[in-house]
file query_35.cif (mmCIF, C-alpha atoms)
data_protein
loop_
_atom_site.label_atom_id
_atom_site.label_comp_id
_atom_site.auth_asym_id
_atom_site.auth_seq_id
_atom_site.Cartn_x
_atom_site.Cartn_y
_atom_site.Cartn_z
CA MET A 1 50.53 24.09 -134.50
CA ASN A 2 49.78 26.09 -137.62
CA PRO A 3 48.27 29.38 -136.48
CA PHE A 4 46.61 29.85 -139.86
CA GLN A 5 44.45 26.80 -139.29
CA GLU A 6 43.17 28.16 -135.98
CA PRO A 7 39.77 29.92 -136.45
CA SER A 8 39.97 31.80 -133.14
CA LEU A 9 43.28 33.37 -134.14
CA MET A 10 42.37 34.14 -137.74
CA ILE A 11 38.94 35.58 -136.95
CA GLY A 12 40.53 37.55 -134.11
CA LEU A 13 43.19 38.86 -136.50
CA THR A 14 40.52 39.84 -139.04
CA LEU A 15 38.40 41.66 -136.46
CA GLY A 16 41.47 43.39 -135.00
CA ALA A 17 42.76 44.50 -138.41
CA TYR A 18 39.32 45.84 -139.37
CA PHE A 19 38.92 47.57 -136.01
CA TRP A 20 42.25 49.32 -136.51
CA GLY A 21 41.28 50.29 -140.06
CA GLN A 22 37.96 51.70 -138.84
CA HIS A 23 39.83 53.65 -136.17
CA LEU A 24 42.18 55.15 -138.77
CA PHE A 25 39.27 56.07 -141.04
CA LEU A 26 37.30 57.78 -138.27
CA ARG A 27 40.41 59.64 -137.15
CA PHE A 28 41.56 60.96 -140.54
CA ARG A 29 38.38 60.62 -142.68
CA LYS A 30 40.35 59.85 -145.86
CA SER A 31 38.53 57.75 -148.44
CA TRP A 32 41.59 55.62 -149.17
CA LEU A 33 41.76 54.62 -145.48
CA ASN A 34 39.01 52.11 -146.20
CA PRO A 35 38.82 49.59 -143.30
CA VAL A 36 38.24 46.67 -145.71
CA LEU A 37 41.34 47.65 -147.70
CA ILE A 38 43.46 48.21 -144.56
CA ALA A 39 42.43 44.83 -143.14
CA ILE A 40 43.26 43.08 -146.44
CA VAL A 41 46.71 44.66 -146.63
CA LEU A 42 47.51 43.97 -142.96
CA ILE A 43 46.39 40.34 -143.07
CA GLY A 44 48.09 39.85 -146.44
CA VAL A 45 51.35 41.09 -144.93
CA VAL A 46 50.94 38.84 -141.87
CA ILE A 47 50.32 35.79 -144.06
CA TRP A 48 53.28 36.67 -146.28
CA VAL A 49 55.74 37.42 -143.44
CA ALA A 50 54.76 34.35 -141.41
CA GLY A 51 54.76 32.16 -144.49
CA GLY A 52 51.14 31.09 -144.08
CA LYS A 53 48.82 29.74 -146.73
CA VAL A 54 45.91 31.86 -147.98
CA GLU A 55 43.87 28.65 -148.30
CA ASP A 56 44.30 27.97 -144.54
CA TYR A 57 43.24 31.52 -143.68
CA LEU A 58 40.13 31.25 -145.87
CA LYS A 59 39.16 27.93 -144.29
CA SER A 60 39.58 29.32 -140.76
CA THR A 61 37.42 32.38 -141.43
CA GLU A 62 34.48 30.62 -143.11
CA ALA A 63 32.27 31.49 -140.11
CA LEU A 64 32.71 35.22 -140.84
CA VAL A 65 31.80 34.85 -144.50
CA PHE A 66 28.69 32.90 -143.54
CA MET A 67 27.41 36.07 -141.85
CA LEU A 68 27.19 37.89 -145.20
CA SER A 69 23.82 36.36 -146.05
CA PRO A 70 21.96 37.39 -142.88
CA THR A 71 23.54 40.84 -143.32
CA VAL A 72 21.94 41.11 -146.76
CA ILE A 73 18.56 40.40 -145.11
CA CYS A 74 19.24 43.21 -142.62
CA LEU A 75 19.64 45.75 -145.45
CA ALA A 76 15.83 45.63 -145.56
CA LEU A 77 15.91 47.74 -142.39
CA ILE A 78 17.89 50.60 -143.98
CA LEU A 79 15.65 50.39 -147.02
CA TYR A 80 12.54 50.54 -144.85
CA GLU A 81 13.82 53.55 -142.89
CA GLN A 82 14.40 55.53 -146.10
CA THR A 83 11.45 54.30 -148.18
CA ALA A 84 9.49 57.49 -147.61
CA ALA A 85 12.43 59.62 -148.78
CA LEU A 86 13.07 57.49 -151.88
CA LYS A 87 9.49 56.70 -152.92
CA ARG A 88 8.86 59.81 -154.99
CA GLN A 89 11.95 59.17 -157.13
CA ALA A 90 11.16 55.51 -157.77
CA PHE A 91 11.09 55.91 -161.55
CA ALA A 92 14.36 57.88 -161.68
CA ILE A 93 16.05 55.36 -159.36
CA ILE A 94 15.00 52.27 -161.30
CA THR A 95 15.92 53.81 -164.67
CA ALA A 96 19.29 55.09 -163.41
CA VAL A 97 20.31 51.76 -161.89
CA SER A 98 19.19 49.78 -164.97
CA CYS A 99 21.18 52.07 -167.29
CA GLY A 100 24.28 51.99 -165.09
CA GLY A 101 24.15 48.21 -164.76
CA LEU A 102 23.69 47.68 -168.50
CA VAL A 103 26.59 50.01 -169.34
CA ASN A 104 28.81 48.02 -166.97
CA VAL A 105 27.92 44.68 -168.55
CA ILE A 106 28.08 45.79 -172.19
CA ALA A 107 31.25 47.87 -171.82
CA GLY A 108 32.84 45.13 -169.72
CA VAL A 109 32.17 42.33 -172.21
CA CYS A 110 33.00 44.35 -175.35
CA LEU A 111 36.20 45.99 -174.04
CA THR A 112 37.52 42.77 -172.51
CA ARG A 113 36.97 40.92 -175.79
CA TRP A 114 38.48 43.82 -177.73
CA LEU A 115 41.65 43.63 -175.63
CA GLY A 116 41.79 39.93 -176.44
CA LEU A 117 41.51 38.51 -172.93
CA PRO A 118 40.48 34.86 -172.46
CA GLU A 119 36.80 33.99 -172.05
CA PRO A 120 36.82 33.38 -168.24
CA PHE A 121 37.86 37.02 -167.81
CA VAL A 122 35.11 38.23 -170.15
CA GLN A 123 32.57 36.29 -168.12
CA ALA A 124 34.00 37.56 -164.80
CA MET A 125 33.85 41.16 -166.09
CA SER A 126 30.16 40.77 -166.97
CA THR A 127 29.18 39.86 -163.38
CA LYS A 128 31.65 42.04 -161.46
CA ALA A 129 29.12 44.69 -160.39
CA VAL A 130 26.59 42.34 -158.80
CA THR A 131 26.66 41.19 -155.21
CA THR A 132 28.71 38.02 -154.56
CA PRO A 133 25.89 35.46 -154.14
CA ILE A 134 24.17 36.57 -157.37
CA ALA A 135 27.49 36.66 -159.24
CA LEU A 136 28.17 33.08 -158.16
CA GLU A 137 24.79 31.89 -159.43
CA LEU A 138 25.27 33.73 -162.71
CA SER A 139 28.77 32.35 -163.09
CA LYS A 140 27.30 28.86 -162.81
CA SER A 141 24.71 29.48 -165.53
CA LEU A 142 27.28 31.17 -167.83
CA GLY A 143 29.74 28.35 -167.28
CA GLY A 144 32.41 30.61 -165.78
CA GLU A 145 35.01 30.12 -163.07
CA ALA A 146 33.51 30.68 -159.63
CA SER A 147 36.57 31.92 -157.75
CA LEU A 148 37.69 34.22 -160.57
CA THR A 149 34.17 35.65 -160.67
CA VAL A 150 34.32 36.41 -156.95
CA ALA A 151 37.78 37.98 -157.33
CA PHE A 152 36.40 40.44 -159.90
CA VAL A 153 33.32 41.21 -157.82
CA LEU A 154 35.55 42.10 -154.89
CA LEU A 155 38.06 44.07 -156.98
CA SER A 156 35.23 46.14 -158.39
CA GLY A 157 33.75 46.54 -154.90
CA ILE A 158 36.95 47.68 -153.24
CA MET A 159 37.88 50.05 -156.06
CA GLY A 160 34.48 51.72 -156.03
CA ALA A 161 34.37 51.92 -152.26
CA VAL A 162 37.79 53.58 -152.08
CA TRP A 163 37.70 55.94 -155.08
CA GLY A 164 34.01 56.19 -155.98
CA LEU A 165 32.93 59.00 -153.70
CA PRO A 166 36.04 61.22 -154.12
CA PHE A 167 35.68 60.80 -157.90
CA LEU A 168 32.01 61.79 -157.92
CA ARG A 169 32.70 64.69 -155.58
CA ARG A 170 35.40 66.02 -157.90
CA LEU A 171 32.82 66.08 -160.70
CA GLY A 172 30.48 68.04 -158.48
CA ILE A 173 28.10 65.17 -157.71
CA THR A 174 27.40 65.41 -154.00
CA ASP A 175 23.72 64.47 -153.88
CA PRO A 176 23.53 61.57 -151.37
CA VAL A 177 20.97 59.64 -153.42
CA ALA A 178 22.84 60.02 -156.73
CA SER A 179 26.17 59.02 -155.13
CA GLY A 180 24.58 56.19 -153.16
CA LEU A 181 22.95 54.76 -156.28
CA ALA A 182 26.20 54.99 -158.24
CA ILE A 183 28.31 53.35 -155.53
CA GLY A 184 25.71 50.62 -154.97
CA THR A 185 25.40 49.88 -158.70
CA VAL A 186 29.17 49.58 -159.17
CA SER A 187 30.35 48.31 -155.79
CA HIS A 188 27.36 46.38 -154.35
CA GLY A 189 27.88 45.37 -150.69
CA ILE A 190 31.34 46.84 -150.18
CA GLY A 191 30.07 50.13 -151.60
CA THR A 192 27.04 49.93 -149.30
CA ALA A 193 29.33 49.38 -146.31
CA ARG A 194 31.24 52.51 -147.38
CA ALA A 195 28.01 54.50 -147.84
CA GLN A 196 27.01 53.61 -144.27
CA GLN A 197 29.95 55.74 -143.10
CA GLU A 198 28.42 58.77 -144.85
CA SER A 199 24.70 58.85 -144.10
CA ASP A 200 21.64 56.63 -143.70
CA LEU A 201 20.11 58.07 -146.88
CA MET A 202 23.20 57.29 -148.95
CA ALA A 203 23.37 53.80 -147.41
CA ALA A 204 19.72 53.15 -148.30
CA ALA A 205 20.25 54.35 -151.89
CA ALA A 206 23.32 52.09 -152.18
CA ALA A 207 21.50 49.07 -150.71
CA LEU A 208 18.58 49.65 -153.04
CA ALA A 209 20.87 49.99 -156.08
CA MET A 210 22.72 46.82 -155.08
CA ALA A 211 19.48 44.84 -154.79
CA LEU A 212 17.98 46.28 -157.99
CA ASN A 213 21.10 45.88 -160.10
CA GLY A 214 21.68 42.37 -158.75
CA MET A 215 18.16 41.23 -159.53
CA LEU A 216 17.92 42.92 -162.93
CA THR A 217 21.29 41.52 -164.00
CA ALA A 218 20.31 38.05 -162.77
CA PHE A 219 17.28 38.18 -165.07
CA TYR A 220 18.77 39.61 -168.27
CA LEU A 221 22.44 38.58 -168.26
CA PRO A 222 21.96 34.89 -169.22
CA TYR A 223 20.10 36.07 -172.35
CA LEU A 224 22.19 39.17 -173.09
CA TYR A 225 25.48 37.29 -172.72
CA VAL A 226 24.63 34.84 -175.48
CA TRP A 227 23.71 37.74 -177.71
CA LEU A 228 26.90 39.72 -176.98
CA MET B 1 15.22 38.77 -125.64
CA ASP B 2 15.22 41.56 -128.23
CA ILE B 3 18.31 40.22 -129.96
CA LEU B 4 16.97 36.67 -129.95
CA ARG B 5 13.67 37.78 -131.45
CA GLY B 6 15.44 39.84 -134.11
CA LEU B 7 17.79 36.98 -135.04
CA THR B 8 14.86 34.59 -135.33
CA ILE B 9 13.05 36.92 -137.72
CA ILE B 10 16.19 37.57 -139.80
CA PHE B 11 16.99 33.87 -140.21
CA LEU B 12 13.33 33.11 -140.87
CA PHE B 13 13.31 35.50 -143.82
CA TRP B 14 16.60 34.10 -145.05
CA ALA B 15 15.14 30.58 -144.94
CA LEU B 16 12.00 31.82 -146.66
CA GLY B 17 14.02 33.41 -149.46
CA GLU B 18 16.27 30.38 -149.79
CA THR B 19 13.32 27.96 -150.00
CA THR B 20 11.49 30.13 -152.52
CA THR B 21 14.45 30.44 -154.94
CA GLN B 22 15.17 26.74 -154.73
CA LEU B 23 11.60 25.58 -155.19
CA ALA B 24 10.82 28.09 -157.96
CA ARG B 25 14.34 27.75 -159.46
CA LEU B 26 14.78 31.51 -159.59
CA PRO B 27 18.18 32.91 -160.60
CA ILE B 28 18.04 35.32 -157.62
CA PRO B 29 19.88 34.32 -154.42
CA GLY B 30 17.74 33.48 -151.40
CA ALA B 31 19.26 36.22 -149.26
CA VAL B 32 18.29 38.97 -151.74
CA LEU B 33 14.76 37.63 -151.96
CA GLY B 34 14.68 37.42 -148.15
CA MET B 35 15.71 41.06 -147.94
CA LEU B 36 12.82 42.07 -150.19
CA GLY B 37 10.51 39.88 -148.11
CA LEU B 38 11.54 41.53 -144.85
CA TRP B 39 11.20 44.97 -146.44
CA VAL B 40 7.63 44.19 -147.54
CA ALA B 41 6.86 42.76 -144.08
CA LEU B 42 8.16 45.94 -142.43
CA GLN B 43 6.16 48.14 -144.82
CA PHE B 44 2.92 46.33 -144.03
CA LYS B 45 3.79 46.23 -140.29
CA TRP B 46 3.65 42.44 -140.27
CA VAL B 47 7.01 42.68 -138.56
CA PRO B 48 7.39 45.62 -136.16
CA TYR B 49 10.50 47.72 -136.78
CA ALA B 50 11.52 47.54 -133.12
CA ALA B 51 11.60 43.73 -133.26
CA VAL B 52 14.53 43.58 -135.69
CA GLN B 53 16.26 46.91 -135.10
CA LEU B 54 18.86 45.84 -132.53
CA SER B 55 19.96 42.63 -134.28
CA ALA B 56 19.92 44.13 -137.76
CA LYS B 57 22.05 47.13 -136.74
CA GLY B 58 24.54 44.68 -135.24
CA PHE B 59 24.93 42.82 -138.53
CA LEU B 60 25.02 46.00 -140.61
CA GLY B 61 27.75 47.53 -138.46
CA LEU B 62 29.96 44.51 -139.18
CA MET B 63 29.17 44.26 -142.89
CA GLY B 64 32.64 45.35 -144.01
CA VAL B 65 34.34 42.72 -141.82
CA PHE B 66 32.52 39.91 -143.58
CA PHE B 67 34.01 40.97 -146.92
CA VAL B 68 37.63 40.77 -145.72
CA PRO B 69 38.26 37.00 -146.00
CA PRO B 70 36.77 36.59 -149.50
CA SER B 71 38.77 39.63 -150.65
CA LEU B 72 41.99 37.93 -149.56
CA GLY B 73 40.91 35.07 -151.82
CA ILE B 74 41.95 37.36 -154.70
CA LEU B 75 45.55 36.48 -153.76
CA LEU B 76 44.92 32.92 -154.99
CA HIS B 77 44.55 34.39 -158.49
CA ALA B 78 47.38 36.89 -158.12
CA GLU B 79 49.56 35.28 -160.78
CA ARG B 80 46.85 35.16 -163.41
CA LEU B 81 45.59 38.64 -162.59
CA LEU B 82 49.10 40.13 -162.70
CA HIS B 83 49.74 38.46 -166.04
CA TYR B 84 47.14 40.79 -167.55
CA GLY B 85 47.91 43.45 -164.92
CA TRP B 86 47.48 46.87 -166.52
CA LYS B 87 44.83 45.71 -168.99
CA LEU B 88 42.63 44.37 -166.19
CA ALA B 89 43.17 47.43 -163.99
CA LEU B 90 42.24 49.66 -166.91
CA LEU B 91 39.16 47.58 -167.75
CA VAL B 92 37.83 47.58 -164.18
CA VAL B 93 38.44 51.32 -163.77
CA ILE B 94 36.94 52.35 -167.14
CA THR B 95 33.81 50.20 -166.88
CA SER B 96 33.25 51.22 -163.24
CA VAL B 97 33.60 54.91 -164.08
CA LEU B 98 31.25 54.61 -167.06
CA SER B 99 28.68 52.68 -165.04
CA GLY B 100 28.81 54.89 -161.94
CA LEU B 101 28.60 58.09 -163.97
CA THR B 102 25.69 56.77 -166.02
CA THR B 103 23.78 55.89 -162.85
CA ALA B 104 24.42 59.24 -161.16
CA LEU B 105 23.76 61.34 -164.26
CA VAL B 106 20.59 59.53 -165.36
CA TYR B 107 19.25 59.92 -161.83
CA LYS B 108 20.06 63.63 -161.77
CA LEU B 109 18.57 64.14 -165.24
CA LEU B 110 15.26 62.46 -164.37
CA ASN B 111 15.07 64.05 -160.97
CA ARG B 112 15.30 67.69 -161.92
#

call {"tool": "encode", "arguments": {"input": "query_35.cif", "output": "structure tokens"}}
result
Amino acid sequence: MNPFQEPSLMIGLTLGAYFWGQHLFLRFRKSWLNPVLIAIVLIGVVIWVAGGKVEDYLKSTEALVFMLSPTVICLALILYEQTAALKRQAFAIITAVSCGGLVNVIAGVCLTRWLGLPEPFVQAMSTKAVTTPIALELSKSLGGEASLTVAFVLLSGIMGAVWGLPFLRRLGITDPVASGLAIGTVSHGIGTARAQQESDLMAAAAALAMALNGMLTAFYLPYLYVWL
Amino acid sequence: MDILRGLTIIFLFWALGETTTQLARLPIPGAVLGMLGLWVALQFKWVPYAAVQLSAKGFLGLMGVFFVPPSLGILLHAERLLHYGWKLALLVVITSVLSGLTTALVYKLLNR
């Protein structure tokens, strides 16, 4: 029997690793003790030590990934709870998220080309800040590589979730809405999961930024990319 | 019963979003459209908050877990990513910093 082809074991391992990561985070409250990151490292080590195949692990845990979509629907609840608090700043929020998203795309495409990286990387950089399902759709219409696109989305997500808040705090930005918007614009769902550990207001700002940036990018990127 | 009712509503809005994007050929994923739909429905009290609360909080609490398997998928590209190692790391960090700072600062500027 190959344990890596057994969904019960692999999903169990994933839940256990995440649970342990969550426990460490709650105990020490250090930003780098991100449960997603801890789970990735732990499972990566298990796969490596036991000589398993990443492909088998991914196949066995498909059921978990399927749950991402209904979870996106549920973000409506956080948004609804905080609508009253965010309503008055609607203009500032929409402008801030649009600017942040545009900077990410333009800087990403220009710098990646400038460093002379191949086109699939340029394309993956342009969609790295939008939530996975939107990035996949965009990758299709830009003719990019789906799995490389997802890799960049997740890299950007994990990085922002781990270092985003400490970085903003060091610069004196502690406002929950400002930080939530920034982390949601850069790190989409993973950033939103991180913001949930802080406060409901920050989580709502992050969820809103994720949705706004995702939708705006979906609309303009196919046109902007040709132009860049 | 509460959880069942909540799940039904959540999947209904997902299906609604999915059908809309596919029929109208929108570039937006169905789940994101479904989220907006449920938000509007909650605002107008078409769906009572209490009906989805329990199920939705369950999903939201597990959100991070669902990102773990796809993140391990990065390992499949390890060789290619490491080939451009420091350049890629630099690119992701610089663009993320620029983008995050722009968002936070523009918000603060307009919100004074």

call {"tool": "closest_residue", "arguments": {"input": "query_35.cif", "among": "A:Ala85, A:Ser31, A:Ala193, A:Val130", "to": "A:Phe167", "atoms": "only C-alpha atoms"}}
result
A:Ser31

call {"tool": "closest_residue", "arguments": {"input": "query_35.cif", "among": "A:Ile106, A:Leu165, A:Ile78, A:Val46", "to": "A:Ala203", "atoms": "only C-alpha atoms"}}
result
A:Ile78

call {"tool": "resolve_selection", "arguments": {"input": "query_35.cif", "expression": "the PyMOL selection byres ((chain B and resi 50-52) around 10)", "output": "ChimeraX atom specification"}}
result
/A:74,77 /B:1-10,38,42,47-49,53-57

call {"tool": "closest_residue", "arguments": {"input": "query_35.cif", "among": "A:Leu221, A:Met10, A:Leu142, A:Ile183", "to": "chain B", "atoms": "all atoms listed in the file"}}
result
A:Ile183

call {"tool": "resolve_selection", "arguments": {"input": "query_35.cif", "expression": "the PyMOL selection byres ((chain A) within 7 of (chain B))", "output": "ChimeraX atom specification"}}
result
/A:15,18,36,39-40,58,61,64-65,67-77,80,89,92-93,96-97,99-101,103-104,107-108,112,133-134,137,151,154,156,178-179,181-183,185-186,190,193,211,215,218-219

call {"tool": "residues_around", "arguments": {"input": "query_35.cif", "residues": "A:Pro222", "least_positions_apart": "5", "cutoff": "9 Å", "atoms": "all atoms listed in the file", "output": "number ranges by chain"}}
result
A: 138, 141-142, 217

call {"tool": "atom_distance", "arguments": {"input": "query_35.cif", "atom1": "atom CA of A:Ile47", "atom2": "atom CA of A:Phe4"}}
result
8.2 Å

call {"tool": "atom_distance", "arguments": {"input": "query_35.cif", "atom1": "atom CA of A:Val150", "atom2": "atom CA of A:Gln123"}}
result
11.3 Å

call {"tool": "closest_residue", "arguments": {"input": "query_35.cif", "among": "A:Asn213, A:Ser147, A:Ala84, A:Gln197", "to": "A:Gln22", "atoms": "all atoms listed in the file"}}
result
A:Gln197

call {"tool": "atom_distance", "arguments": {"input": "query_35.cif", "atom1": "atom CA of B:Glu79", "atom2": "atom CA of A:Thr131"}}
result
24.3 Å

call {"tool": "residues_around", "arguments": {"input": "query_35.cif", "residues": "A:Leu24", "least_positions_apart": "6", "cutoff": "10 Å", "atoms": "all atoms listed in the file", "output": "list in words"}}
result
Tyr18, Lys30, Leu33, Asn34, Pro35 and Ile38 of chain A

call {"tool": "build_atoms", "arguments": {"input": "query_35.cif", "residues": "stretch 153-179 of chain A", "atoms": "N, CA and C atoms", "output": "JSON list (two decimals), in the frame of the given file"}}
result
[["chain", "number", "residue", "atom", "x", "y", "z"],
["A", 153, "VAL", "N", 34.36, 40.53, -158.59],
["A", 153, "VAL", "CA", 33.32, 41.21, -157.82],
["A", 153, "VAL", "C", 33.97, 42.04, -156.71],
["A", 154, "LEU", "N", 34.94, 41.42, -156.02],
["A", 154, "LEU", "CA", 35.55, 42.10, -154.89],
["A", 154, "LEU", "C", 36.49, 43.22, -155.34],
["A", 155, "LEU", "N", 37.21, 43.01, -156.44],
["A", 155, "LEU", "CA", 38.06, 44.07, -156.98],
["A", 155, "LEU", "C", 37.23, 45.30, -157.30],
["A", 156, "SER", "N", 36.12, 45.05, -158.00],
["A", 156, "SER", "CA", 35.23, 46.14, -158.39],
["A", 156, "SER", "C", 34.65, 46.82, -157.15],
["A", 157, "GLY", "N", 34.32, 46.00, -156.14],
["A", 157, "GLY", "CA", 33.75, 46.54, -154.90],
["A", 157, "GLY", "C", 34.74, 47.43, -154.17],
["A", 158, "ILE", "N", 35.95, 46.93, -154.01],
["A", 158, "ILE", "CA", 36.95, 47.68, -153.24],
["A", 158, "ILE", "C", 37.31, 48.98, -153.97],
["A", 159, "MET", "N", 37.52, 48.87, -155.29],
["A", 159, "MET", "CA", 37.88, 50.05, -156.06],
["A", 159, "MET", "C", 36.82, 51.15, -155.93],
["A", 160, "GLY", "N", 35.56, 50.75, -156.11],
["A", 160, "GLY", "CA", 34.48, 51.72, -156.03],
["A", 160, "GLY", "C", 34.34, 52.31, -154.64],
["A", 161, "ALA", "N", 34.54, 51.46, -153.63],
["A", 161, "ALA", "CA", 34.37, 51.92, -152.26],
["A", 161, "ALA", "C", 35.46, 52.92, -151.90],
["A", 162, "VAL", "N", 36.67, 52.70, -152.44],
["A", 162, "VAL", "CA", 37.79, 53.58, -152.08],
["A", 162, "VAL", "C", 37.77, 54.87, -152.90],
["A", 163, "TRP", "N", 37.57, 54.75, -154.23],
["A", 163, "TRP", "CA", 37.70, 55.94, -155.08],
["A", 163, "TRP", "C", 36.38, 56.51, -155.60],
["A", 164, "GLY", "N", 35.28, 55.77, -155.42],
["A", 164, "GLY", "CA", 34.01, 56.19, -155.98],
["A", 164, "GLY", "C", 33.55, 57.56, -155.53],
["A", 165, "LEU", "N", 33.45, 57.73, -154.21],
["A", 165, "LEU", "CA", 32.93, 59.00, -153.70],
["A", 165, "LEU", "C", 33.84, 60.19, -153.99],
["A", 166, "PRO", "N", 35.17, 60.08, -153.77],
["A", 166, "PRO", "CA", 36.04, 61.22, -154.12],
["A", 166, "PRO", "C", 35.92, 61.59, -155.60],
["A", 167, "PHE", "N", 35.80, 60.56, -156.46],
["A", 167, "PHE", "CA", 35.68, 60.80, -157.90],
["A", 167, "PHE", "C", 34.41, 61.57, -158.22],
["A", 168, "LEU", "N", 33.28, 61.11, -157.67],
["A", 168, "LEU", "CA", 32.01, 61.79, -157.92],
["A", 168, "LEU", "C", 32.03, 63.22, -157.38],
["A", 169, "ARG", "N", 32.64, 63.37, -156.20],
["A", 169, "ARG", "CA", 32.70, 64.69, -155.58],
["A", 169, "ARG", "C", 33.48, 65.67, -156.45],
["A", 170, "ARG", "N", 34.58, 65.17, -157.04],
["A", 170, "ARG", "CA", 35.40, 66.02, -157.90],
["A", 170, "ARG", "C", 34.61, 66.51, -159.10],
["A", 171, "LEU", "N", 33.65, 65.68, -159.56],
["A", 171, "LEU", "CA", 32.82, 66.08, -160.70],
["A", 171, "LEU", "C", 31.61, 66.89, -160.26],
["A", 172, "GLY", "N", 31.56, 67.20, -158.97],
["A", 172, "GLY", "CA", 30.48, 68.04, -158.48],
["A", 172, "GLY", "C", 29.20, 67.29, -158.15],
["A", 173, "ILE", "N", 29.29, 65.96, -158.08],
["A", 173, "ILE", "CA", 28.10, 65.17, -157.71],
["A", 173, "ILE", "C", 28.18, 64.88, -156.22],
["A", 174, "THR", "N", 27.35, 65.60, -155.44],
["A", 174, "THR", "CA", 27.40, 65.41, -154.00],
["A", 174, "THR", "C", 26.06, 64.94, -153.45],
["A", 175, "ASP", "N", 25.03, 64.92, -154.31],
["A", 175, "ASP", "CA", 23.72, 64.47, -153.88],
["A", 175, "ASP", "C", 23.82, 63.06, -153.28],
["A", 176, "PRO", "N", 23.34, 62.88, -152.01],
["A", 176, "PRO", "CA", 23.53, 61.57, -151.37],
["A", 176, "PRO", "C", 22.83, 60.43, -152.11],
["A", 177, "VAL", "N", 21.68, 60.71, -152.72],
["A", 177, "VAL", "CA", 20.97, 59.64, -153.42],
["A", 177, "VAL", "C", 21.71, 59.27, -154.71],
["A", 178, "ALA", "N", 22.11, 60.29, -155.48],
["A", 178, "ALA", "CA", 22.84, 60.02, -156.73],
["A", 178, "ALA", "C", 24.13, 59.26, -156.45],
["A", 179, "SER", "N", 24.92, 59.71, -155.44],
["A", 179, "SER", "CA", 26.17, 59.02, -155.13],
["A", 179, "SER", "C", 25.92, 57.63, -154.59]]
